[in-house]
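Student: Right, I'll just put the structure down here and ask away after.
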Amino acid sequence: MPNSYLLIPSGPAAKLLSGFLLSIMFLFLFTTASAQNSETSGATITGTVSDTNGQPLQYATAAIKGGKSSQTNAEGKFRITGLRPGIYQLTVSRVGQQSETRDINLEAGQAQELTFVLQPGTDLSEVIVTAGRKPESLKDVPSSVSILTEREVKEQLNVNPSVAAILGNTIPGLGTSNNKATNAGQTLRGRQVLVLIDGIPQSTPLMNGSRDIRTLDPAVIERVEVIKGATSIYGNGSAGGIINFITKKAVADKAFSGTTSVGLNSNVAHPANTLGYRLSQGFSGTADKLSYVVNGTYNYTGVLRDAKGNVNAQPDGLGENSLYNAFAKLSYKPNANSAVTASYNLFRSVQDADYINVTGKYGQAPSVGQKGDDPGEPAGTPYNHNALISYQNTALPLASSLDLSAYYNSFVSMNRYVEQGTAWYGPGQTKIQSFKKGVRLTLNTPWAMGGLGQGELTYGLDLLNDRTNQVLTDGRVYIPDMNMLNLAPYAQFNIDLLNQFVLKAGVRHENADVKVKDFNTIATGPDGAGSIAVSGGKIPYNATTFNAGLRYNRYEIFNPFISFSQGFAINELGRILRRATSNTLESIATDPIITNNYEAGFSSRLGMVNLTASYYVSTSRLGANLVDVGGFLVAQREPERIHGYEIAADVNVSEQWTAGGSYSYVEGKAEQADGTKVYMNGLRIAPPKATAYLGYRPLSALDMKLYWVYTDGRDRFNVRANNLYANSEGPVEPVSLFNLTAAYRINAQWSAGLGVENLLNNAYYPVVSQYRAIDAEYVRGNGATMSLNVSYNF
């Protein structure tokens, strides 16, 4: 078994890249003093940025035309130093606010302090992302990024409160929702995605339970950041990219405030037993150095019916589902440069239904629900606990900043009960249990290269312990304990060259050991028949991954980038272990998945139009494509190549009208041992997806938007010898859906939201129901469903 993976090209390319990284390190060490000298010489601009309510705006960008820039901290403050005397044009901008530009006249040695109050707006040209482990402007990131703001989350909440549905309807490259409590099939660009909540990993890559996207309620989300493509900045499981949920921060200008929300929802055409309701209460405030956010949400979904009135009682469905979410965040700031923050989030979502699924016939008749009792335990997520404590300091020596976090995550997902299992003997119900604890250290130090430009070094260390298993509720072990300890140092350079180019290069080294005790594979017959005894041991993984990217950001009309990045994943190890046919761990193919991601794209802003586009190729020498072999999904360790493209546009037609849309395409193949290249199935590759919206604001207090979500067809496989499609190889036909949302601000305290999902009551089969090609999962999507939410702010 290989122990080490050095993932860098050999020969001249290796020497070139190694020399480049050494040169950058040399420059950093010998130019830090220059960075400090620039801090203490020349003129300085400092300022505070707030909104119209007086609340400080974090992550606003203060940029000098053709020159330096700075981002605001949690107090809304920015600082630009080392400026020569002269007249400068300074622009301050932030997502959701109108930008403001001023002419500044600086004299030698002068320190000028400014105050900016930004008006509400829709300017999306400046978005700050933290997935690079530090705040930065979107125009400085050499990769594809999608941002979902708090306002957009609220709009989508009126349509469907499921986070998986919200992201599936809005994020290009991400598969659409399956109307279930799982996010199976919601890959990002054909690969698994690493899901984070404030940096805490939710994904279970050792055994993917496909419940990681739906791990919190939208009521506690401030924004969602989606970084696409493999990334070596984060560790295990980020081969397809990152989804980072950023939770809400406290209201800064009030000691006590809150929001009370009440909602109802029901099927429009067939309302019987479909009534659901939603209650959410939040409190927030700041008193001197202490701030807090507290929120509790309960969401009950009634019986779900399709457009023809049939009950959808699919296993792991959202019908008759109860969701609980409790969130608390407490922050203490002893001074302007440091903060200690502690947060806790509890998520629970289970289905306790009065209906059971009556199996239909794939391609002919849907599976529908009828009254009955399910003998198993309620399926879903019995609990997901997240605890985080962090310390930030922005005033360390050498103008460095520090972010130190410790976290704990306890996650249990319960699968549906089956009367006769195909993988084990007799009936049973499995649950995946994952327990993670870790520490993340991030340091950032600025530096200078004389007249060539400025740079930053982001570096640190990640320590993660992930213990995951899968057991049956009757005590049988399906997958033994996989106990992983991963230590990963990393460093990334960010250089702003000539105020025109942003160059990034980084490296991360994974040191991971997975311990597995002696175990027996689960019996497939009576008296232990089919069980294999496997000797345990330790599986070592050592891998070095790299990333590099370049972006040209001088002109808004054309802002291109190119990038290369590698990802590391010990993915589906549990699935490999549970299907072991050898009695020693060393003989089982458990090599990690190393992903190479190549991407080129651009962003463009021309008047009222914002446009982004990208093309990407993703390869891996070893994959984990799940293929139906004898009725079981088995991970195939084959070379993979995935490619695709995305394009998105937003147009501010006028103060009343806005419009936009996106199109994303992905395709992938795996190469078999004989050199034959075969298409990947629907579990990995989603059909092309198009979205569009039309917004109308006839009054300052009224916003309306009509959304269109379209998934195209994909037919890549033939029926097998039994004249049936294999698992996840079924053909997909196009689906076209319209959703409507409207928000009305009654006064300063009261507001109302209305949403309709599947506005035209289309009778359709979700993409997952189609490609799975399984009778029991051939279920129609929800019929037209209306939601009404009323909120009171105080």
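Every chain in the structure tokens takes a letter, A first, then B, and so on in the order presented; its residues are numbered from 1, and the ligands are numbered from 1 following the presented order.
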Name the residues in contact with stretch 654-662 of chain A at a cut-off of 6 Å, using only C-alpha atoms, excluding same-chain residues fewer than 6 positions from it; report them as an mmCIF file with N, CA, C and O atoms, in the first residue's frame.
Tutor:
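To be explicit, this is the file written out as selection19.cif:
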data_model
loop_
_atom_site.group_PDB
_atom_site.id
_atom_site.type_symbol
_atom_site.label_atom_id
_atom_site.label_comp_id
_atom_site.auth_asym_id
_atom_site.auth_seq_id
_atom_site.Cartn_x
_atom_site.Cartn_y
_atom_site.Cartn_z
ATOM 1 N N ILE A 647 -22.026 29.969 -16.813
ATOM 2 C CA ILE A 647 -22.173 31.378 -17.166
ATOM 3 C C ILE A 647 -23.351 31.944 -16.369
ATOM 4 O O ILE A 647 -24.368 31.264 -16.190
ATOM 5 N N ALA A 648 -23.190 33.145 -15.850
ATOM 6 C CA ALA A 648 -24.248 33.785 -15.062
ATOM 7 C C ALA A 648 -24.248 35.278 -15.347
ATOM 8 O O ALA A 648 -23.192 35.876 -15.589
ATOM 9 N N ALA A 690 -30.354 25.328 -15.957
ATOM 10 C CA ALA A 690 -30.518 26.744 -16.271
ATOM 11 C C ALA A 690 -31.438 27.370 -15.239
ATOM 12 O O ALA A 690 -32.400 26.742 -14.782
ATOM 13 N N THR A 691 -31.128 28.605 -14.850
ATOM 14 C CA THR A 691 -31.992 29.354 -13.946
ATOM 15 C C THR A 691 -32.197 30.758 -14.507
ATOM 16 O O THR A 691 -31.360 31.267 -15.259
ATOM 17 N N ALA A 692 -33.302 31.376 -14.138
ATOM 18 C CA ALA A 692 -33.564 32.758 -14.536
ATOM 19 C C ALA A 692 -34.499 33.385 -13.515
ATOM 20 O O ALA A 692 -35.240 32.684 -12.812
ATOM 21 N N TYR A 693 -34.443 34.696 -13.417
ATOM 22 C CA TYR A 693 -35.360 35.397 -12.528
ATOM 23 C C TYR A 693 -35.713 36.752 -13.130
ATOM 24 O O TYR A 693 -34.958 37.341 -13.904
ATOM 25 N N LEU A 694 -36.885 37.230 -12.763
ATOM 26 C CA LEU A 694 -37.354 38.561 -13.147
ATOM 27 C C LEU A 694 -37.899 39.221 -11.893
ATOM 28 O O LEU A 694 -38.832 38.713 -11.264
ATOM 29 N N GLY A 695 -37.284 40.341 -11.516
ATOM 30 C CA GLY A 695 -37.694 41.043 -10.308
ATOM 31 C C GLY A 695 -38.412 42.335 -10.620
ATOM 32 O O GLY A 695 -38.043 43.062 -11.549
ATOM 33 N N TYR A 696 -39.440 42.627 -9.836
ATOM 34 C CA TYR A 696 -40.227 43.858 -10.020
ATOM 35 C C TYR A 696 -40.465 44.486 -8.667
ATOM 36 O O TYR A 696 -40.888 43.830 -7.709
ATOM 37 N N ARG A 697 -40.162 45.784 -8.584
ATOM 38 C CA ARG A 697 -40.330 46.535 -7.340
ATOM 39 C C ARG A 697 -41.178 47.760 -7.619
ATOM 40 O O ARG A 697 -40.669 48.870 -7.801
ATOM 41 N N PRO A 698 -42.494 47.615 -7.642
ATOM 42 C CA PRO A 698 -43.361 48.749 -7.964
ATOM 43 C C PRO A 698 -43.393 49.800 -6.868
ATOM 44 O O PRO A 698 -43.647 50.974 -7.134
#
Student: Considering only C-alpha atoms, tabulate each residue of stretch 200-287 of chain A that lies at most 8 Å from stretch 367-391 of chain A along with its nearest interatomic pair and the corresponding distance in Å to one decimal; arrange the rows by chain and ascending residue number and present them as a tab-separated table.
Tutor:
residue	atom	partner	partner_atom	distance
A:Ile200	CA	A:Asn386	CA	7.5
A:Arg211	CA	A:Thr381	CA	7.7
A:Thr215	CA	A:Asn384	CA	7.0
Student: Give the alpha helix (DSSP H) residues of stretch 33-252 of chain A, as DSSP finds them on the backbone, and put them as a PyMOL selection string.
Tutor: chain A and resi 33-40+150-157+163-170
Student: Contacts of stretch 312-322 of chain A at 8 Å or less, counting only C-alpha atoms, minus same-chain residues fewer than 6 places along, as a PyMOL selection string?
Tutor: chain A and resi 179-182+298-306+348-357+367-370+379-380+415-416+776-777+779-782
Student: Restricting the output to C-alpha atoms, write the selected residues as an mmCIF file, in the first residue's frame.
Tutor:
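New file selection22.cif:
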data_model
loop_
_atom_site.group_PDB
_atom_site.id
_atom_site.type_symbol
_atom_site.label_atom_id
_atom_site.label_comp_id
_atom_site.auth_asym_id
_atom_site.auth_seq_id
_atom_site.Cartn_x
_atom_site.Cartn_y
_atom_site.Cartn_z
ATOM 1 C CA ASN A 179 -37.299 16.824 -2.252
ATOM 2 C CA LYS A 180 -35.838 14.602 0.467
ATOM 3 C CA ALA A 181 -34.025 15.057 3.761
ATOM 4 C CA THR A 182 -30.811 13.973 2.049
ATOM 5 C CA TYR A 298 -39.384 24.911 14.730
ATOM 6 C CA ASN A 299 -40.607 23.931 11.273
ATOM 7 C CA TYR A 300 -43.253 21.266 10.692
ATOM 8 C CA THR A 301 -44.019 20.083 7.155
ATOM 9 C CA GLY A 302 -47.393 18.485 6.576
ATOM 10 C CA VAL A 303 -48.199 15.718 4.129
ATOM 11 C CA LEU A 304 -46.610 16.368 0.745
ATOM 12 C CA ARG A 305 -48.684 15.786 -2.382
ATOM 13 C CA ASP A 306 -47.767 15.838 -6.043
ATOM 14 C CA ARG A 348 -32.596 18.001 14.386
ATOM 15 C CA SER A 349 -34.823 16.895 11.515
ATOM 16 C CA VAL A 350 -36.798 13.635 11.606
ATOM 17 C CA GLN A 351 -39.740 12.161 9.747
ATOM 18 C CA ASP A 352 -42.513 10.569 11.792
ATOM 19 C CA ALA A 353 -45.127 9.792 9.162
ATOM 20 C CA ASP A 354 -48.615 8.301 9.202
ATOM 21 C CA TYR A 355 -48.104 7.239 5.581
ATOM 22 C CA ILE A 356 -45.886 4.511 4.165
ATOM 23 C CA ASN A 357 -44.538 4.198 0.665
ATOM 24 C CA SER A 367 -44.635 5.280 -5.792
ATOM 25 C CA VAL A 368 -47.314 6.849 -3.585
ATOM 26 C CA GLY A 369 -48.206 6.934 0.083
ATOM 27 C CA GLN A 370 -50.971 5.212 1.951
ATOM 28 C CA ALA A 379 -35.455 8.631 9.593
ATOM 29 C CA GLY A 380 -33.483 11.826 9.176
ATOM 30 C CA ASN A 415 -31.402 5.881 7.180
ATOM 31 C CA ARG A 416 -34.767 4.340 6.369
ATOM 32 C CA ALA A 776 -39.456 2.608 -4.562
ATOM 33 C CA GLU A 777 -37.740 5.938 -5.334
ATOM 34 C CA VAL A 779 -41.709 9.540 -6.775
ATOM 35 C CA ARG A 780 -43.131 12.740 -8.243
ATOM 36 C CA GLY A 781 -42.095 16.158 -7.006
ATOM 37 C CA ASN A 782 -44.262 18.445 -4.905
#
Student: Pick out each residue of stretch 105-269 of chain A that DSSP on the backbone tags as strand (DSSP E); I need them as number ranges by chain.
Tutor: A: 105-106, 111-118, 128-129, 136-137, 145-149, 194-197, 200-201, 221-228, 241-247, 257-267
Student: By how many Å are atom CA of A:Val358 and atom CA of A:Asp628 apart?
Tutor: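 Computing the Euclidean distance for atom CA of A:Val358 and atom CA of A:Asp628 yields 23.9 Å.
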